[in-house]
There are 2 protein chains.
Amino acid sequence: MNDKRKKEITIFGISGIPEIEPGFDLGNIISKFLVGNFRPLNGDIIVIAQKIISKSENCISDISLIEPSREALRISKITDKDPKLVQLILNNSREIIRASKGVLIVETTYGYICANAGVDSSNMNQENLYSFLPSNPDESAYKIRETVKKNFNVNVGVIISDTFNRPWRIGSINVALGFSGFDPLLNLIGEKDDFGNILKSTLVNVADEIASSAQLVMGESSRVPVALVRGYGFKESNLKGYDLFRDKDKDLFR
Amino acid sequence: MNDKRKKEITIFGISGIPEIEPGFDLGNIISKFLVGNFRPLNGDIIVIAQKIISKSENCISDISLIEPSREALRISKITDKDPKLVQLILNNSREIIRASKGVLIVETTYGYICANAGVDSSNMNQENLYSFLPSNPDESAYKIRETVKKNFNVNVGVIISDTFNRPWRIGSINVALGFSGFDPLLNLIGEKDDFGNILKSTLVNVADEIASSAQLVMGESSRVPVALVRGYGFKESNLKGYDLFRDKDKDLFR
């Protein structure tokens, strides 16, 4: 048994981060707030809400300027959503998974399956403005990790998170869109349990679990877009966000 | 804005709990390990792995004694699973959601949708023994909460958790099967974001997020079947595990 998980984990909400605008250097802005007890240590994981990544990377669209296609008009009728909004969702999608009244679930261009391709208008400072998901959340996470490494000389993990709904259970949970520097999966396959039986297929998605734990301190509507998770004790890895996608041909819910 | 979430949460793994056997008084056994820094405070949430609940409630079956029905034999052929195991899964199910080679996803008798109805053989101390899910995890959680209340004169929340797989993303995450004493949902519907816009439909499943955070310290194969989550600051509620089920007629993935 080579279980490196620690027995105590602390999650700090990092507040005070100013309104983020396109072009802002998010890694350095966040670094300014990682002071005192929040000064990052080797092995810490920094979780950042997708919304501020989208803002810093200018993943923002004014839907009043969008001309809906015939396909967007068709989907708009099915879903009862604004055709301009539907067009923005389609621009960020590669496949429609389900469409019905009030619901549009798609596979995004990066490969997440979620409602509305992650397009939403919360926390936008102007009517008609919608944010969409960053084009490469793994790259976004990598850049922030490198900045934090440079600023503090520590090796941290970084997660870009967003709240997704799920089939079967109500209430969204935070998941890891992209990440950098640590192993997102805890692989217990082939390890032995307490009685020496082989655990056949226990692969835990710790990236999503860490994102969910961070959500407990990150307000959707309060200014806590960043959390610092201390004590997990990660392994390094080069896996990416898309390595957590279930293969299409092995997924029974497409 | 009435967001009571705290800015710092600590998750303690509670180790040392002995092997649990049918009939053991789990609330009092766990209480013995809630000492020192782990002594529960008002507002703490205790997360308990389903496996030890199942053991204490004798939710254990020796599949060598099971006679598979024709339906079990039929499903066994589709899934390539032992017909006796399939029978035990069917005994704990009310509907088959998907069946294919290596995969059997059902709605359990209590209403969870998960693989194999939660039946599994890990951490069982004898060949042919499988545990199944407790018949009423909300009641299990309630009993432990009452015992902890009596022992320490504190008001805690309790979650009974299990790791479930999901569509679309690999790696299981811990979810809340049942719970007692706290509001499992953070309802931001109608609240205003930082710009005064109404957040239309943000309902966060904090029970699942707390279960996931606990999994980070609870080993699947190390003896940490209990975690103490401190600092979330819950609201009281009488909601039950089944209140987190998505209505069948509103679920597009049945």
# chains A, B, ... in the order shown; residues from 1 in each chain; ligands from 1
>>> residues_around(residues="Leu216 (chain A)", least_positions_apart="4", cutoff="9 Å", atoms="only C-alpha atoms", output="ChimeraX atom specification")
/A:11,13,212 /B:5-9,206,209-210,232
>>> write_last_selection(atoms="N, CA and C atoms", output="compact mmCIF listing (two decimals), in the first residue's frame")
# COMPACT_ATOMS: atom_id res chain seq x y z
N ILE A 11 -8.62 23.89 3.67
CA ILE A 11 -9.02 24.62 2.47
C ILE A 11 -9.22 26.08 2.87
N GLY A 13 -10.19 29.90 1.70
CA GLY A 13 -10.74 30.78 0.67
C GLY A 13 -9.88 32.03 0.57
N SER A 212 -14.35 20.16 -5.77
CA SER A 212 -15.56 20.21 -4.94
C SER A 212 -15.27 20.72 -3.53
N ARG B 5 -21.10 30.65 4.38
CA ARG B 5 -19.95 29.78 4.24
C ARG B 5 -18.69 30.42 4.81
N LYS B 6 -17.94 29.62 5.53
CA LYS B 6 -16.72 30.11 6.13
C LYS B 6 -15.60 30.12 5.10
N LYS B 7 -14.53 30.77 5.45
CA LYS B 7 -13.40 30.89 4.54
C LYS B 7 -12.30 29.87 4.82
N GLU B 8 -12.48 29.02 5.80
CA GLU B 8 -11.46 28.01 6.10
C GLU B 8 -12.14 26.74 6.59
N ILE B 9 -11.84 25.66 5.94
CA ILE B 9 -12.43 24.37 6.29
C ILE B 9 -11.29 23.38 6.50
N VAL B 206 -23.96 20.71 -1.76
CA VAL B 206 -22.84 20.74 -0.84
C VAL B 206 -22.65 19.41 -0.10
N GLU B 209 -20.38 17.59 -2.20
CA GLU B 209 -19.05 18.23 -2.16
C GLU B 209 -18.34 17.94 -0.84
N ILE B 210 -19.08 17.92 0.26
CA ILE B 210 -18.46 17.60 1.56
C ILE B 210 -18.02 16.13 1.57
N TYR B 232 -17.43 24.38 7.85
CA TYR B 232 -18.37 24.69 6.77
C TYR B 232 -19.50 25.59 7.26
>>> calpha_fit_rmsd(fixed="chain B", moving="chain A")
0.0 Å
>>> residues_around(residues="Asp243 (chain B)", least_positions_apart="6", cutoff="10 Å", atoms="only C-alpha atoms", output="ChimeraX atom specification")
/A:169-170 /B:178,184-185
>>> write_last_selection(atoms="C-alpha atoms", output="mmCIF file, in the first residue's frame")
data_model
loop_
_atom_site.group_PDB
_atom_site.id
_atom_site.type_symbol
_atom_site.label_atom_id
_atom_site.label_comp_id
_atom_site.auth_asym_id
_atom_site.auth_seq_id
_atom_site.Cartn_x
_atom_site.Cartn_y
_atom_site.Cartn_z
ATOM 1 C CA ARG A 169 -28.755 13.984 -8.809
ATOM 2 C CA ILE A 170 -29.821 17.584 -8.304
ATOM 3 C CA GLY B 178 -27.760 9.744 3.276
ATOM 4 C CA PRO B 184 -27.419 19.436 1.708
ATOM 5 C CA LEU B 185 -28.146 22.157 -0.829
#
>>> residues_around(residues="region 62-65 of chain A", least_positions_apart="6", cutoff="7 Å", atoms="only C-alpha atoms", output="PyMOL selection string")
chain A and resi 84-85+128-130
>>> write_last_selection(atoms="all heavy atoms", output="PDB file, in the first residue's frame")
ATOM      1  N   LYS A  84     -29.898  33.961 -29.900  1.00  0.00           N
ATOM      2  CA  LYS A  84     -28.527  34.519 -29.887  1.00  0.00           C
ATOM      3  C   LYS A  84     -27.660  33.770 -28.858  1.00  0.00           C
ATOM      4  O   LYS A  84     -26.487  33.483 -29.109  1.00  0.00           O
ATOM      5  CB  LYS A  84     -28.577  36.015 -29.542  1.00  0.00           C
ATOM      6  CG  LYS A  84     -29.209  36.886 -30.637  1.00  0.00           C
ATOM      7  CD  LYS A  84     -29.501  38.295 -30.110  1.00  0.00           C
ATOM      8  CE  LYS A  84     -30.214  39.158 -31.150  1.00  0.00           C
ATOM      9  NZ  LYS A  84     -29.304  39.624 -32.219  1.00  0.00           N
ATOM     10  N   LEU A  85     -28.290  33.471 -27.716  1.00  0.00           N
ATOM     11  CA  LEU A  85     -27.571  32.703 -26.698  1.00  0.00           C
ATOM     12  C   LEU A  85     -27.292  31.288 -27.212  1.00  0.00           C
ATOM     13  O   LEU A  85     -26.177  30.764 -27.049  1.00  0.00           O
ATOM     14  CB  LEU A  85     -28.410  32.651 -25.411  1.00  0.00           C
ATOM     15  CG  LEU A  85     -27.898  31.741 -24.289  1.00  0.00           C
ATOM     16  CD1 LEU A  85     -26.507  32.154 -23.829  1.00  0.00           C
ATOM     17  CD2 LEU A  85     -28.873  31.745 -23.100  1.00  0.00           C
ATOM     18  N   ASN A 128     -26.306  41.604 -21.609  1.00  0.00           N
ATOM     19  CA  ASN A 128     -25.943  40.977 -22.886  1.00  0.00           C
ATOM     20  C   ASN A 128     -24.563  40.309 -22.882  1.00  0.00           C
ATOM     21  O   ASN A 128     -24.209  39.640 -23.838  1.00  0.00           O
ATOM     22  CB  ASN A 128     -26.001  41.950 -24.082  1.00  0.00           C
ATOM     23  CG  ASN A 128     -27.401  42.449 -24.333  1.00  0.00           C
ATOM     24  OD1 ASN A 128     -28.360  41.697 -24.194  1.00  0.00           O
ATOM     25  ND2 ASN A 128     -27.523  43.725 -24.679  1.00  0.00           N
ATOM     26  N   LEU A 129     -23.780  40.545 -21.843  1.00  0.00           N
ATOM     27  CA  LEU A 129     -22.457  39.913 -21.818  1.00  0.00           C
ATOM     28  C   LEU A 129     -22.551  38.517 -21.200  1.00  0.00           C
ATOM     29  O   LEU A 129     -23.150  38.325 -20.141  1.00  0.00           O
ATOM     30  CB  LEU A 129     -21.454  40.748 -21.013  1.00  0.00           C
ATOM     31  CG  LEU A 129     -20.965  42.051 -21.639  1.00  0.00           C
ATOM     32  CD1 LEU A 129     -19.775  42.599 -20.846  1.00  0.00           C
ATOM     33  CD2 LEU A 129     -20.591  41.868 -23.106  1.00  0.00           C
ATOM     34  N   TYR A 130     -21.961  37.572 -21.902  1.00  0.00           N
ATOM     35  CA  TYR A 130     -21.889  36.195 -21.425  1.00  0.00           C
ATOM     36  C   TYR A 130     -20.431  35.758 -21.448  1.00  0.00           C
ATOM     37  O   TYR A 130     -19.689  36.101 -22.373  1.00  0.00           O
ATOM     38  CB  TYR A 130     -22.701  35.257 -22.332  1.00  0.00           C
ATOM     39  CG  TYR A 130     -24.192  35.368 -22.093  1.00  0.00           C
ATOM     40  CD1 TYR A 130     -24.908  36.470 -22.545  1.00  0.00           C
ATOM     41  CD2 TYR A 130     -24.885  34.376 -21.396  1.00  0.00           C
ATOM     42  CE1 TYR A 130     -26.272  36.585 -22.312  1.00  0.00           C
ATOM     43  CE2 TYR A 130     -26.253  34.480 -21.166  1.00  0.00           C
ATOM     44  CZ  TYR A 130     -26.937  35.591 -21.624  1.00  0.00           C
ATOM     45  OH  TYR A 130     -28.284  35.701 -21.387  1.00  0.00           O
TER      46      TYR A 130
END
>>> residues_around(residues="region 24-39 of chain A", least_positions_apart="5", cutoff="6 Å", atoms="only C-alpha atoms", output="list in words")
Ser56, Ile144 and Thr147 of chain A
>>> residues_around(residues="Glu19 (chain B)", least_positions_apart="6", cutoff="12 Å", atoms="only C-alpha atoms", output="PDB file with N, CA and C atoms, in the first residue's frame")
ATOM      1  N   ASP A 194      -7.793  -4.072   3.068  1.00  0.00           N
ATOM      2  CA  ASP A 194      -7.347  -4.465   4.402  1.00  0.00           C
ATOM      3  C   ASP A 194      -7.267  -5.982   4.596  1.00  0.00           C
ATOM      4  N   PHE A 195      -7.913  -6.739   3.708  1.00  0.00           N
ATOM      5  CA  PHE A 195      -7.903  -8.188   3.851  1.00  0.00           C
ATOM      6  C   PHE A 195      -7.074  -8.875   2.774  1.00  0.00           C
TER       7      PHE A 195
ATOM      8  N   LEU B  26     -22.118   1.548  16.060  1.00  0.00           N
ATOM      9  CA  LEU B  26     -21.145   2.365  15.340  1.00  0.00           C
ATOM     10  C   LEU B  26     -21.037   3.776  15.922  1.00  0.00           C
ATOM     11  N   ILE B  29     -18.835   3.583  18.893  1.00  0.00           N
ATOM     12  CA  ILE B  29     -17.452   3.234  18.506  1.00  0.00           C
ATOM     13  C   ILE B  29     -16.751   4.449  17.906  1.00  0.00           C
ATOM     14  N   ILE B  30     -17.421   5.118  16.980  1.00  0.00           N
ATOM     15  CA  ILE B  30     -16.815   6.305  16.360  1.00  0.00           C
ATOM     16  C   ILE B  30     -16.553   7.371  17.425  1.00  0.00           C
ATOM     17  N   LYS B  51     -19.294   1.493   3.708  1.00  0.00           N
ATOM     18  CA  LYS B  51     -18.863   0.118   3.981  1.00  0.00           C
ATOM     19  C   LYS B  51     -19.011  -0.266   5.451  1.00  0.00           C
ATOM     20  N   ILE B  52     -18.607   0.631   6.369  1.00  0.00           N
ATOM     21  CA  ILE B  52     -18.701   0.243   7.785  1.00  0.00           C
ATOM     22  C   ILE B  52     -20.144   0.317   8.287  1.00  0.00           C
ATOM     23  N   ILE B  53     -20.956   1.178   7.656  1.00  0.00           N
ATOM     24  CA  ILE B  53     -22.396   1.172   7.977  1.00  0.00           C
ATOM     25  C   ILE B  53     -22.996  -0.176   7.556  1.00  0.00           C
ATOM     26  N   LYS B  55     -21.546  -2.999   7.162  1.00  0.00           N
ATOM     27  CA  LYS B  55     -21.094  -4.080   8.044  1.00  0.00           C
ATOM     28  C   LYS B  55     -21.845  -4.055   9.369  1.00  0.00           C
ATOM     29  N   SER B  56     -21.987  -2.872   9.947  1.00  0.00           N
ATOM     30  CA  SER B  56     -22.649  -2.810  11.266  1.00  0.00           C
ATOM     31  C   SER B  56     -24.119  -3.189  11.155  1.00  0.00           C
ATOM     32  N   ASN B 123     -12.728  -5.035   0.906  1.00  0.00           N
ATOM     33  CA  ASN B 123     -12.696  -4.970   2.365  1.00  0.00           C
ATOM     34  C   ASN B 123     -13.656  -5.931   3.074  1.00  0.00           C
ATOM     35  N   MET B 124     -13.952  -7.052   2.418  1.00  0.00           N
ATOM     36  CA  MET B 124     -14.729  -8.098   3.086  1.00  0.00           C
ATOM     37  C   MET B 124     -13.738  -9.197   3.473  1.00  0.00           C
ATOM     38  N   ASN B 125     -13.927  -9.761   4.674  1.00  0.00           N
ATOM     39  CA  ASN B 125     -12.885 -10.637   5.204  1.00  0.00           C
ATOM     40  C   ASN B 125     -13.080 -12.114   4.873  1.00  0.00           C
ATOM     41  N   SER B 222      -7.093   2.041   3.257  1.00  0.00           N
ATOM     42  CA  SER B 222      -6.435   2.241   4.546  1.00  0.00           C
ATOM     43  C   SER B 222      -7.555   2.421   5.568  1.00  0.00           C
ATOM     44  N   ARG B 223      -7.227   2.313   6.795  1.00  0.00           N
ATOM     45  CA  ARG B 223      -8.292   2.312   7.804  1.00  0.00           C
ATOM     46  C   ARG B 223      -8.681   3.719   8.237  1.00  0.00           C
ATOM     47  N   VAL B 224      -9.247   4.463   7.314  1.00  0.00           N
ATOM     48  CA  VAL B 224      -9.761   5.794   7.642  1.00  0.00           C
ATOM     49  C   VAL B 224     -11.188   5.892   7.099  1.00  0.00           C
ATOM     50  N   PRO B 225     -12.132   5.184   7.769  1.00  0.00           N
ATOM     51  CA  PRO B 225     -13.498   5.152   7.236  1.00  0.00           C
ATOM     52  C   PRO B 225     -14.343   6.345   7.685  1.00  0.00           C
TER      53      PRO B 225
END
>>> residues_around(residues="Ile173 (chain B)", least_positions_apart="3", cutoff="8 Å", atoms="only C-alpha atoms", output="list in words")
Val204, Asn205, Val206, Asp208 and Glu209 of chain A; Thr163, Phe164, Asn165, Ser212 and Gln215 of chain B
>>> select_by_dssp(residues="region 82-207 of chain B", states="alpha helix (DSSP H)", output="short mmCIF file (atom, residue, chain, number, x, y, z; two decimals) with all heavy atoms, in the first residue's frame")
data_model
loop_
_atom_site.label_atom_id
_atom_site.label_comp_id
_atom_site.auth_asym_id
_atom_site.auth_seq_id
_atom_site.Cartn_x
_atom_site.Cartn_y
_atom_site.Cartn_z
N PRO B 83 -23.59 -14.90 -12.33
CA PRO B 83 -25.05 -14.84 -12.16
C PRO B 83 -25.50 -14.68 -10.70
O PRO B 83 -26.52 -14.05 -10.42
CB PRO B 83 -25.56 -16.17 -12.73
CG PRO B 83 -24.37 -16.94 -13.17
CD PRO B 83 -23.16 -16.09 -13.09
N LYS B 84 -24.73 -15.25 -9.76
CA LYS B 84 -25.08 -15.10 -8.34
C LYS B 84 -24.91 -13.64 -7.89
O LYS B 84 -25.74 -13.10 -7.14
CB LYS B 84 -24.21 -16.01 -7.47
CG LYS B 84 -24.49 -17.50 -7.67
CD LYS B 84 -23.37 -18.35 -7.05
CE LYS B 84 -23.57 -19.84 -7.32
NZ LYS B 84 -24.63 -20.42 -6.45
N LEU B 85 -23.83 -13.03 -8.38
CA LEU B 85 -23.60 -11.61 -8.08
C LEU B 85 -24.70 -10.76 -8.72
O LEU B 85 -25.24 -9.84 -8.09
CB LEU B 85 -22.21 -11.19 -8.60
CG LEU B 85 -21.88 -9.70 -8.51
CD1 LEU B 85 -21.94 -9.20 -7.08
CD2 LEU B 85 -20.50 -9.43 -9.12
N VAL B 86 -25.05 -11.09 -9.95
CA VAL B 86 -26.12 -10.36 -10.63
C VAL B 86 -27.42 -10.46 -9.83
O VAL B 86 -28.15 -9.48 -9.66
CB VAL B 86 -26.32 -10.85 -12.08
CG1 VAL B 86 -27.60 -10.26 -12.69
CG2 VAL B 86 -25.11 -10.51 -12.94
N GLN B 87 -27.70 -11.66 -9.31
CA GLN B 87 -28.92 -11.83 -8.52
C GLN B 87 -28.91 -10.92 -7.29
O GLN B 87 -29.92 -10.29 -6.97
CB GLN B 87 -29.09 -13.29 -8.09
CG GLN B 87 -30.41 -13.55 -7.37
CD GLN B 87 -31.61 -13.28 -8.27
OE1 GLN B 87 -31.71 -13.84 -9.36
NE2 GLN B 87 -32.49 -12.38 -7.86
N LEU B 88 -27.76 -10.85 -6.61
CA LEU B 88 -27.67 -9.98 -5.44
C LEU B 88 -27.89 -8.52 -5.85
O LEU B 88 -28.57 -7.75 -5.15
CB LEU B 88 -26.31 -10.15 -4.74
CG LEU B 88 -26.08 -9.29 -3.50
CD1 LEU B 88 -27.14 -9.52 -2.43
CD2 LEU B 88 -24.67 -9.53 -2.93
N ILE B 89 -27.32 -8.14 -7.00
CA ILE B 89 -27.51 -6.77 -7.50
C ILE B 89 -29.00 -6.53 -7.79
O ILE B 89 -29.57 -5.51 -7.37
CB ILE B 89 -26.64 -6.51 -8.75
CG1 ILE B 89 -25.15 -6.56 -8.37
CG2 ILE B 89 -27.00 -5.18 -9.42
CD1 ILE B 89 -24.19 -6.61 -9.55
N LEU B 90 -29.64 -7.50 -8.45
CA LEU B 90 -31.07 -7.34 -8.76
C LEU B 90 -31.92 -7.26 -7.48
O LEU B 90 -32.89 -6.52 -7.42
CB LEU B 90 -31.56 -8.49 -9.65
CG LEU B 90 -30.98 -8.54 -11.07
CD1 LEU B 90 -31.57 -9.71 -11.84
CD2 LEU B 90 -31.19 -7.24 -11.83
N ASN B 91 -31.52 -8.03 -6.47
CA ASN B 91 -32.25 -7.98 -5.19
C ASN B 91 -32.21 -6.58 -4.56
O ASN B 91 -33.07 -6.24 -3.76
CB ASN B 91 -31.64 -8.95 -4.18
CG ASN B 91 -31.82 -10.42 -4.58
OD1 ASN B 91 -32.57 -10.71 -5.51
ND2 ASN B 91 -31.10 -11.31 -3.91
N PRO B 137 -29.94 4.90 4.43
CA PRO B 137 -28.75 5.64 4.89
C PRO B 137 -29.09 6.92 5.65
O PRO B 137 -28.30 7.37 6.48
CB PRO B 137 -28.01 5.96 3.59
CG PRO B 137 -28.48 4.93 2.62
CD PRO B 137 -29.92 4.69 2.97
N ASP B 138 -30.26 7.52 5.38
CA ASP B 138 -30.66 8.70 6.14
C ASP B 138 -30.91 8.34 7.60
O ASP B 138 -30.52 9.07 8.51
CB ASP B 138 -31.93 9.32 5.53
CG ASP B 138 -31.67 9.94 4.18
OD1 ASP B 138 -30.76 10.78 4.08
OD2 ASP B 138 -32.33 9.55 3.21
N GLU B 139 -31.55 7.21 7.80
CA GLU B 139 -31.81 6.73 9.15
C GLU B 139 -30.49 6.35 9.84
O GLU B 139 -30.30 6.66 11.03
CB GLU B 139 -32.75 5.51 9.06
CG GLU B 139 -33.22 4.95 10.38
CD GLU B 139 -34.12 5.89 11.17
OE1 GLU B 139 -34.68 6.83 10.59
OE2 GLU B 139 -34.21 5.68 12.41
N SER B 140 -29.59 5.72 9.09
CA SER B 140 -28.27 5.38 9.65
C SER B 140 -27.56 6.65 10.11
O SER B 140 -26.96 6.69 11.20
CB SER B 140 -27.40 4.68 8.60
OG SER B 140 -28.07 3.61 7.98
N ALA B 141 -27.62 7.69 9.27
CA ALA B 141 -26.96 8.96 9.62
C ALA B 141 -27.61 9.59 10.85
O ALA B 141 -26.93 10.09 11.75
CB ALA B 141 -27.03 9.92 8.43
N TYR B 142 -28.94 9.54 10.88
CA TYR B 142 -29.68 10.13 12.00
C TYR B 142 -29.29 9.49 13.33
O TYR B 142 -29.04 10.16 14.33
CB TYR B 142 -31.20 9.98 11.76
CG TYR B 142 -32.03 10.37 12.95
CD1 TYR B 142 -32.23 11.72 13.25
CD2 TYR B 142 -32.60 9.42 13.79
CE1 TYR B 142 -32.99 12.09 14.35
CE2 TYR B 142 -33.35 9.79 14.88
CZ TYR B 142 -33.55 11.12 15.16
OH TYR B 142 -34.29 11.48 16.26
N LYS B 143 -29.21 8.15 13.32
CA LYS B 143 -28.88 7.44 14.56
C LYS B 143 -27.50 7.83 15.07
O LYS B 143 -27.30 8.03 16.28
CB LYS B 143 -28.91 5.92 14.33
CG LYS B 143 -30.33 5.36 14.30
CD LYS B 143 -30.26 3.85 14.12
CE LYS B 143 -31.63 3.25 13.88
NZ LYS B 143 -31.55 1.93 13.26
N ILE B 144 -26.55 7.93 14.16
CA ILE B 144 -25.19 8.29 14.60
C ILE B 144 -25.15 9.72 15.09
O ILE B 144 -24.50 10.04 16.09
CB ILE B 144 -24.19 8.01 13.46
CG1 ILE B 144 -24.05 6.49 13.30
CG2 ILE B 144 -22.82 8.65 13.76
CD1 ILE B 144 -23.29 6.03 12.12
N ARG B 145 -25.90 10.59 14.42
CA ARG B 145 -25.95 11.99 14.87
C ARG B 145 -26.52 12.08 16.29
O ARG B 145 -25.99 12.81 17.13
CB ARG B 145 -26.81 12.81 13.92
CG ARG B 145 -26.80 14.30 14.24
CD ARG B 145 -27.43 15.11 13.14
NE ARG B 145 -28.86 15.05 13.16
CZ ARG B 145 -29.65 15.97 13.72
NH1 ARG B 145 -29.12 17.03 14.29
NH2 ARG B 145 -30.95 15.85 13.70
N GLU B 146 -27.56 11.31 16.55
CA GLU B 146 -28.16 11.34 17.90
C GLU B 146 -27.18 10.82 18.94
O GLU B 146 -27.10 11.38 20.05
CB GLU B 146 -29.46 10.51 17.91
CG GLU B 146 -30.60 11.17 17.15
CD GLU B 146 -31.00 12.53 17.73
OE1 GLU B 146 -31.38 12.58 18.90
OE2 GLU B 146 -30.89 13.54 16.99
N THR B 147 -26.44 9.78 18.60
CA THR B 147 -25.46 9.23 19.55
C THR B 147 -24.35 10.25 19.84
O THR B 147 -23.96 10.46 20.99
CB THR B 147 -24.85 7.92 19.00
OG1 THR B 147 -25.91 7.00 18.74
CG2 THR B 147 -23.87 7.30 19.98
N VAL B 148 -23.88 10.91 18.79
CA VAL B 148 -22.81 11.91 18.97
C VAL B 148 -23.34 13.09 19.79
O VAL B 148 -22.65 13.61 20.67
CB VAL B 148 -22.27 12.37 17.59
CG1 VAL B 148 -21.33 13.58 17.74
CG2 VAL B 148 -21.52 11.21 16.91
N LYS B 149 -24.57 13.48 19.51
CA LYS B 149 -25.21 14.57 20.27
C LYS B 149 -25.25 14.23 21.76
O LYS B 149 -24.92 15.04 22.62
CB LYS B 149 -26.64 14.73 19.74
CG LYS B 149 -27.33 16.03 20.06
CD LYS B 149 -28.72 16.01 19.41
CE LYS B 149 -29.22 17.39 19.04
NZ LYS B 149 -30.42 17.34 18.19
N LYS B 150 -25.66 12.99 22.04
CA LYS B 150 -25.77 12.53 23.42
C LYS B 150 -24.39 12.47 24.09
O LYS B 150 -24.22 12.89 25.23
CB LYS B 150 -26.42 11.13 23.42
CG LYS B 150 -26.75 10.53 24.77
CD LYS B 150 -27.57 9.26 24.64
CE LYS B 150 -26.94 8.19 23.78
NZ LYS B 150 -25.95 7.30 24.31
N ASN B 151 -23.40 11.98 23.36
CA ASN B 151 -22.08 11.80 23.95
C ASN B 151 -21.33 13.11 24.18
O ASN B 151 -20.54 13.22 25.10
CB ASN B 151 -21.22 10.90 23.06
CG ASN B 151 -21.69 9.45 23.09
OD1 ASN B 151 -22.40 9.04 24.02
ND2 ASN B 151 -21.32 8.67 22.08
N PHE B 152 -21.55 14.08 23.29
CA PHE B 152 -20.72 15.30 23.34
C PHE B 152 -21.54 16.58 23.54
O PHE B 152 -20.97 17.67 23.61
CB PHE B 152 -19.89 15.43 22.06
CG PHE B 152 -18.96 14.27 21.82
CD1 PHE B 152 -19.31 13.24 20.95
CD2 PHE B 152 -17.73 14.21 22.48
CE1 PHE B 152 -18.44 12.18 20.73
CE2 PHE B 152 -16.86 13.16 22.26
CZ PHE B 152 -17.21 12.13 21.38
N VAL B 206 -23.96 20.71 -1.76
CA VAL B 206 -22.84 20.74 -0.84
C VAL B 206 -22.65 19.41 -0.10
O VAL B 206 -21.54 19.08 0.30
CB VAL B 206 -22.93 21.90 0.18
CG1 VAL B 206 -22.66 23.23 -0.51
CG2 VAL B 206 -24.24 21.91 0.91
N ALA B 207 -23.73 18.63 0.04
CA ALA B 207 -23.58 17.32 0.69
C ALA B 207 -22.60 16.45 -0.10
O ALA B 207 -21.69 15.84 0.47
CB ALA B 207 -24.93 16.62 0.81
#
>>> closest_residue(among="B:Thr108, B:Ser76, B:Ser180, B:Asn136", to="Asn92 (chain B)", atoms="only C-alpha atoms")
B:Thr108
>>> closest_residue(among="A:Phe182, A:Trp168, A:Tyr110, A:Phe234", to="chain B", atoms="only C-alpha atoms")
A:Trp168
>>> atom_distance(atom1="CA of Ile113 (chain B)", atom2="CA of Ala49 (chain B)")
17.8 Å
>>> atom_distance(atom1="CA of Lys235 (chain A)", atom2="CA of Gly43 (chain A)")
8.6 Å
>>> closest_residue(among="B:Glu71, B:Asp120, B:Asp82, B:Glu236", to="chain A", atoms="only C-alpha atoms")
B:Asp120
>>> closest_residue(among="A:Val106, A:Leu203, A:Ala227, A:Ile160", to="chain B", atoms="only C-alpha atoms")
A:Leu203
>>> closest_residue(among="B:Arg70, B:Lys77, B:Arg230, B:Arg246", to="chain A", atoms="only C-alpha atoms")
B:Arg246
